[in-house]
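Student: Structure provided below as structure tokens; questions to follow.
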Amino acid sequence: MDYRVNVFFSEKVPHPFNSYFSHKIEMFKFGQHIIKPSCVFWETRQSFAFVNIRPVVPGHVLVSPKRVEPSFTRLSPDETVDIFKGAQQLGSLLKDHYKTSSLTVVIQDGIHAGQSVPHVHVHLLPRNPGDFHNNDDIYGEIERVDSKRKDRSVEEMEEEAQVYRTLVKELEKTNSGV
């Protein structure tokens, strides 16, 4: 099943990234939000990764199943494996890119755990010494959805996604021996 969304409902509109992705796509659904493919930098049959509109630290990205499912505990075993394999590979890529040895990996499962979008997603946050005075303050900052962190422009997000897309392509070439 294809969980991507055509927001132009009346007609299919070609998108410049269609040659990069495995299927014709227009948008990705993330809970109640629509994610432009230009902000997505990694995709499998079951999952996708995209840049965060309000990153806590540089490189803060999200990995999510394509199926809109609010609860981590209701993911299928295949979906769970897929998002965690992706999180592991992309976490390594981000650590290399940001030249750090640490990564915070977070899932907030349910509103009382701080989940702000009712769609399972894994936060990947490359960490550096001193990025927070108290290391655990990052968890409160992830939960914060107030106006302290401003939304980035689509252009900023697209630029960041392009950098990661290039890194993913390089990693795929290396892994395939090309």
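Chain labels run A, B, ... following the order of the structure tokens; each chain numbers its residues from 1, and ligands are numbered from 1 in the order shown.
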With only C-alpha atoms counted and 12 Å as the cut-off, give the residues of segment 37-83 of chain A in contact with segment 90-99 of chain A, each with its shortest interatomic distance in Å and the pair that gives it, as JSON lines.
Tutor:
{"residue": "A:Phe41", "atom": "CA", "partner": "A:Leu90", "partner_atom": "CA", "distance": 10.1}
{"residue": "A:Trp42", "atom": "CA", "partner": "A:Leu90", "partner_atom": "CA", "distance": 8.6}
{"residue": "A:Glu43", "atom": "CA", "partner": "A:Leu90", "partner_atom": "CA", "distance": 11.1}
{"residue": "A:Phe48", "atom": "CA", "partner": "A:Leu90", "partner_atom": "CA", "distance": 10.9}
{"residue": "A:Ala49", "atom": "CA", "partner": "A:Leu90", "partner_atom": "CA", "distance": 8.6}
{"residue": "A:Phe50", "atom": "CA", "partner": "A:Leu90", "partner_atom": "CA", "distance": 10.8}
{"residue": "A:Val51", "atom": "CA", "partner": "A:Leu90", "partner_atom": "CA", "distance": 11.9}
{"residue": "A:Val57", "atom": "CA", "partner": "A:Tyr98", "partner_atom": "CA", "distance": 10.7}
{"residue": "A:Pro58", "atom": "CA", "partner": "A:Tyr98", "partner_atom": "CA", "distance": 8.2}
{"residue": "A:Gly59", "atom": "CA", "partner": "A:Leu94", "partner_atom": "CA", "distance": 6.7}
{"residue": "A:His60", "atom": "CA", "partner": "A:Leu94", "partner_atom": "CA", "distance": 9.0}
{"residue": "A:Val61", "atom": "CA", "partner": "A:Leu90", "partner_atom": "CA", "distance": 9.2}
{"residue": "A:Leu62", "atom": "CA", "partner": "A:Leu90", "partner_atom": "CA", "distance": 9.9}
{"residue": "A:Val63", "atom": "CA", "partner": "A:Leu90", "partner_atom": "CA", "distance": 8.9}
{"residue": "A:Asp82", "atom": "CA", "partner": "A:Leu90", "partner_atom": "CA", "distance": 12.0}
{"residue": "A:Ile83", "atom": "CA", "partner": "A:Leu90", "partner_atom": "CA", "distance": 10.2}
Student: Would you kindly return, as an MDAnalysis selection string, each protein, DNA or RNA residue with an atom no farther than 12 Å from any atom of Asp131 of chain A, considering only C-alpha atoms and excluding same-chain residues fewer than 3 positions away?
Tutor: chainID A and resid 56:58 100 102:104 125:128 134:138 141
Student: Which residue gives the smallest distance to Pro70 of chain A among A:Thr44, A:Asn52, A:Gln88, A:Ser116, with only C-alpha atoms counted?
Tutor: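 With only C-alpha atoms as the atom set, the closest residue is A:Ser116.
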Student: Residues within 12 Å of Asp78 of chain A, please, as a ChimeraX atom specification. Count only C-alpha atoms; anything in the same chain fewer than 4 positions from it doesn't count.
Tutor: /A:44-47,65,67,74,82-85
Student: Just write the chosen residues, N, CA and C atoms, as a tab-separated table (two decimals), in the first residue's frame.
Tutor:
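Wrote part.tsv, looks like this:
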chain	number	residue	atom	x	y	z
A	44	THR	N	12.25	4.11	2.17
A	44	THR	CA	12.14	2.69	1.84
A	44	THR	C	10.68	2.43	1.50
A	45	ARG	N	10.35	1.19	1.28
A	45	ARG	CA	8.95	0.85	0.99
A	45	ARG	C	8.05	1.18	2.17
A	46	GLN	N	8.59	1.11	3.41
A	46	GLN	CA	7.76	1.29	4.60
A	46	GLN	C	8.04	2.54	5.41
A	47	SER	N	9.16	3.21	5.17
A	47	SER	CA	9.57	4.33	6.03
A	47	SER	C	10.13	5.49	5.22
A	65	PRO	N	7.37	5.69	9.99
A	65	PRO	CA	6.77	4.74	9.04
A	65	PRO	C	5.84	5.51	8.10
A	67	ARG	N	2.98	4.38	7.02
A	67	ARG	CA	1.63	4.19	7.53
A	67	ARG	C	1.44	5.11	8.73
A	74	ARG	N	1.91	-0.46	18.24
A	74	ARG	CA	1.01	-1.03	17.23
A	74	ARG	C	1.65	-1.11	15.85
A	82	ASP	N	12.23	-1.77	10.05
A	82	ASP	CA	12.58	-0.83	9.00
A	82	ASP	C	12.94	0.55	9.56
A	83	ILE	N	12.13	1.08	10.48
A	83	ILE	CA	12.46	2.42	10.99
A	83	ILE	C	13.72	2.39	11.85
A	84	PHE	N	13.95	1.29	12.57
A	84	PHE	CA	15.16	1.24	13.39
A	84	PHE	C	16.42	0.98	12.56
A	85	LYS	N	16.32	0.19	11.51
A	85	LYS	CA	17.47	0.05	10.60
A	85	LYS	C	17.79	1.40	9.97
Student: Which parts of segment 30-116 of chain A does DSSP call strand (DSSP E or B) when run on the backbone here, written out as a VMD selection string?
Tutor: chain A and resid 30 33 to 35 40 to 43 47 to 51 61 to 65 102 to 107
Student: Output C-alpha atoms for every residue in the selection just made, as a PDB file, in the first residue's frame.
Tutor:
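The result, stored in again-v2.pdb:
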ATOM      1  CA  PHE A  30       2.968  12.751   8.766  1.00  0.00           C
ATOM      2  CA  HIS A  33       0.776  17.252   8.326  1.00  0.00           C
ATOM      3  CA  ILE A  34       1.858  16.993   4.715  1.00  0.00           C
ATOM      4  CA  ILE A  35       5.615  16.718   4.104  1.00  0.00           C
ATOM      5  CA  VAL A  40      12.459  14.014   2.550  1.00  0.00           C
ATOM      6  CA  PHE A  41      15.974  12.631   2.125  1.00  0.00           C
ATOM      7  CA  TRP A  42      15.601   8.870   2.642  1.00  0.00           C
ATOM      8  CA  GLU A  43      12.871   6.398   1.776  1.00  0.00           C
ATOM      9  CA  SER A  47       9.568   4.329   6.028  1.00  0.00           C
ATOM     10  CA  PHE A  48      10.898   7.777   5.282  1.00  0.00           C
ATOM     11  CA  ALA A  49      13.183  10.344   6.903  1.00  0.00           C
ATOM     12  CA  PHE A  50      12.790  14.087   6.723  1.00  0.00           C
ATOM     13  CA  VAL A  51      14.190  17.289   8.151  1.00  0.00           C
ATOM     14  CA  VAL A  61      15.790  14.768  11.774  1.00  0.00           C
ATOM     15  CA  LEU A  62      12.827  12.403  11.994  1.00  0.00           C
ATOM     16  CA  VAL A  63      12.356   8.824  10.775  1.00  0.00           C
ATOM     17  CA  SER A  64       8.772   7.636  10.461  1.00  0.00           C
ATOM     18  CA  PRO A  65       6.770   4.741   9.042  1.00  0.00           C
ATOM     19  CA  SER A 102      27.201  10.972  20.197  1.00  0.00           C
ATOM     20  CA  LEU A 103      23.590  10.733  19.112  1.00  0.00           C
ATOM     21  CA  THR A 104      20.340  11.084  21.030  1.00  0.00           C
ATOM     22  CA  VAL A 105      17.617   8.749  19.723  1.00  0.00           C
ATOM     23  CA  VAL A 106      14.099   9.389  21.046  1.00  0.00           C
ATOM     24  CA  ILE A 107      10.572   8.073  20.526  1.00  0.00           C
TER      25      ILE A 107
END
Student: Sort by chain and increasing residue number a table of all residues of segment 26-122 of chain A within 6 Å of segment 149-165 of chain A, each with its closest pair of atoms and their distance in Å to one decimal, counting only C-alpha atoms, and write it as a Markdown table.
Tutor:
| residue | atom | partner | partner_atom | distance |
| --- | --- | --- | --- | --- |
| A:Ser38 | CA | A:Glu158 | CA | 5.5 |
| A:Cys39 | CA | A:Glu158 | CA | 5.0 |
| A:Phe41 | CA | A:Arg165 | CA | 4.6 |
| A:Ile53 | CA | A:Asp151 | CA | 5.4 |
| A:Arg54 | CA | A:Asp151 | CA | 5.3 |
Student: Could you turn the residues from that selection into a file that holds all heavy atoms, as a tab-separated table (two decimals), in the first residue's frame?
Tutor:
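Output file out-v8.tsv is given in full below:
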chain	number	residue	atom	x	y	z
A	38	SER	N	10.59	17.31	-1.21
A	38	SER	CA	11.88	18.02	-1.22
A	38	SER	C	12.46	18.14	0.19
A	38	SER	O	13.63	18.48	0.34
A	38	SER	CB	11.71	19.41	-1.83
A	38	SER	OG	10.71	20.14	-1.13
A	39	CYS	N	11.66	17.82	1.22
A	39	CYS	CA	12.14	17.83	2.61
A	39	CYS	C	12.43	16.42	3.10
A	39	CYS	O	12.86	16.22	4.24
A	39	CYS	CB	11.13	18.52	3.51
A	39	CYS	SG	10.94	20.28	3.14
A	41	PHE	N	14.65	12.95	2.67
A	41	PHE	CA	15.97	12.63	2.13
A	41	PHE	C	16.28	11.14	2.10
A	41	PHE	O	17.31	10.73	1.57
A	41	PHE	CB	17.07	13.38	2.90
A	41	PHE	CG	17.15	13.04	4.35
A	41	PHE	CD1	17.98	12.03	4.80
A	41	PHE	CD2	16.42	13.76	5.28
A	41	PHE	CE1	18.06	11.72	6.14
A	41	PHE	CE2	16.49	13.47	6.63
A	41	PHE	CZ	17.31	12.45	7.07
A	53	ILE	N	11.09	20.74	11.10
A	53	ILE	CA	10.76	22.15	10.92
A	53	ILE	C	11.29	23.01	12.07
A	53	ILE	O	11.60	24.17	11.88
A	53	ILE	CB	9.23	22.34	10.74
A	53	ILE	CG1	8.91	23.74	10.22
A	53	ILE	CG2	8.48	22.01	12.03
A	53	ILE	CD1	7.50	23.90	9.71
A	54	ARG	N	11.43	22.40	13.26
A	54	ARG	CA	11.96	23.11	14.44
A	54	ARG	C	13.05	22.26	15.09
A	54	ARG	O	12.83	21.67	16.15
A	54	ARG	CB	10.86	23.35	15.46
A	54	ARG	CG	9.83	24.34	15.06
A	54	ARG	CD	8.88	24.63	16.23
A	54	ARG	NE	7.69	25.27	15.71
A	54	ARG	CZ	6.46	24.93	16.02
A	54	ARG	NH1	6.25	23.96	16.89
A	54	ARG	NH2	5.45	25.55	15.49
Student: I need the residues in segment 37-119 of chain A that are helix (DSSP H, G or I) according to DSSP; give them as a short mmCIF file (atom, residue, chain, number, x, y, z; two decimals) with C-alpha atoms, in the first residue's frame.
Tutor:
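Result written to part-v1.cif:
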data_model
loop_
_atom_site.label_atom_id
_atom_site.label_comp_id
_atom_site.auth_asym_id
_atom_site.auth_seq_id
_atom_site.Cartn_x
_atom_site.Cartn_y
_atom_site.Cartn_z
CA PRO A 37 9.19 15.34 -0.97
CA SER A 38 11.88 18.02 -1.22
CA CYS A 39 12.14 17.83 2.61
CA PHE A 72 4.86 2.58 18.53
CA THR A 73 3.43 -0.56 20.13
CA ARG A 74 1.01 -1.03 17.23
CA PRO A 77 7.36 -6.12 13.25
CA ASP A 78 8.46 -5.23 9.69
CA GLU A 79 7.74 -1.53 10.21
CA THR A 80 9.63 -1.56 13.51
CA VAL A 81 12.69 -3.20 11.96
CA ASP A 82 12.58 -0.83 9.00
CA ILE A 83 12.46 2.42 10.99
CA PHE A 84 15.16 1.24 13.39
CA LYS A 85 17.47 0.05 10.60
CA GLY A 86 16.95 3.43 8.98
CA ALA A 87 17.55 5.26 12.26
CA GLN A 88 20.78 3.31 12.79
CA GLN A 89 22.11 3.97 9.27
CA LEU A 90 21.05 7.62 9.22
CA GLY A 91 22.34 8.17 12.77
CA SER A 92 25.76 6.98 11.68
CA LEU A 93 25.64 9.22 8.63
CA LEU A 94 24.66 12.24 10.77
CA LYS A 95 27.39 11.54 13.34
CA ASP A 96 29.98 11.46 10.55
CA HIS A 97 28.60 14.58 8.89
CA ILE A 111 0.60 12.42 24.40
CA HIS A 112 1.71 11.86 28.02
CA ALA A 113 5.18 10.98 26.73
#
Student: Please indicate the distance in Å from atom CA of Gln108 of chain A to atom CA of Val68 of chain A, rounded to one decimal place.
Tutor: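 According to the coordinates, atom CA of Gln108 of chain A and atom CA of Val68 of chain A are separated by 15.0 Å.
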Student: With only C-alpha atoms as the basis for distance, which of A:Arg144, A:His133, A:Lys169, A:Lys66 is at the shortest distance from His121 of chain A?
Tutor: A:Lys66
Student: Atom CA of Glu170 of chain A and atom CA of Pro129 of chain A are how many Å apart?
Tutor: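 Between atom CA of Glu170 of chain A and atom CA of Pro129 of chain A the gap is 27.7 Å.
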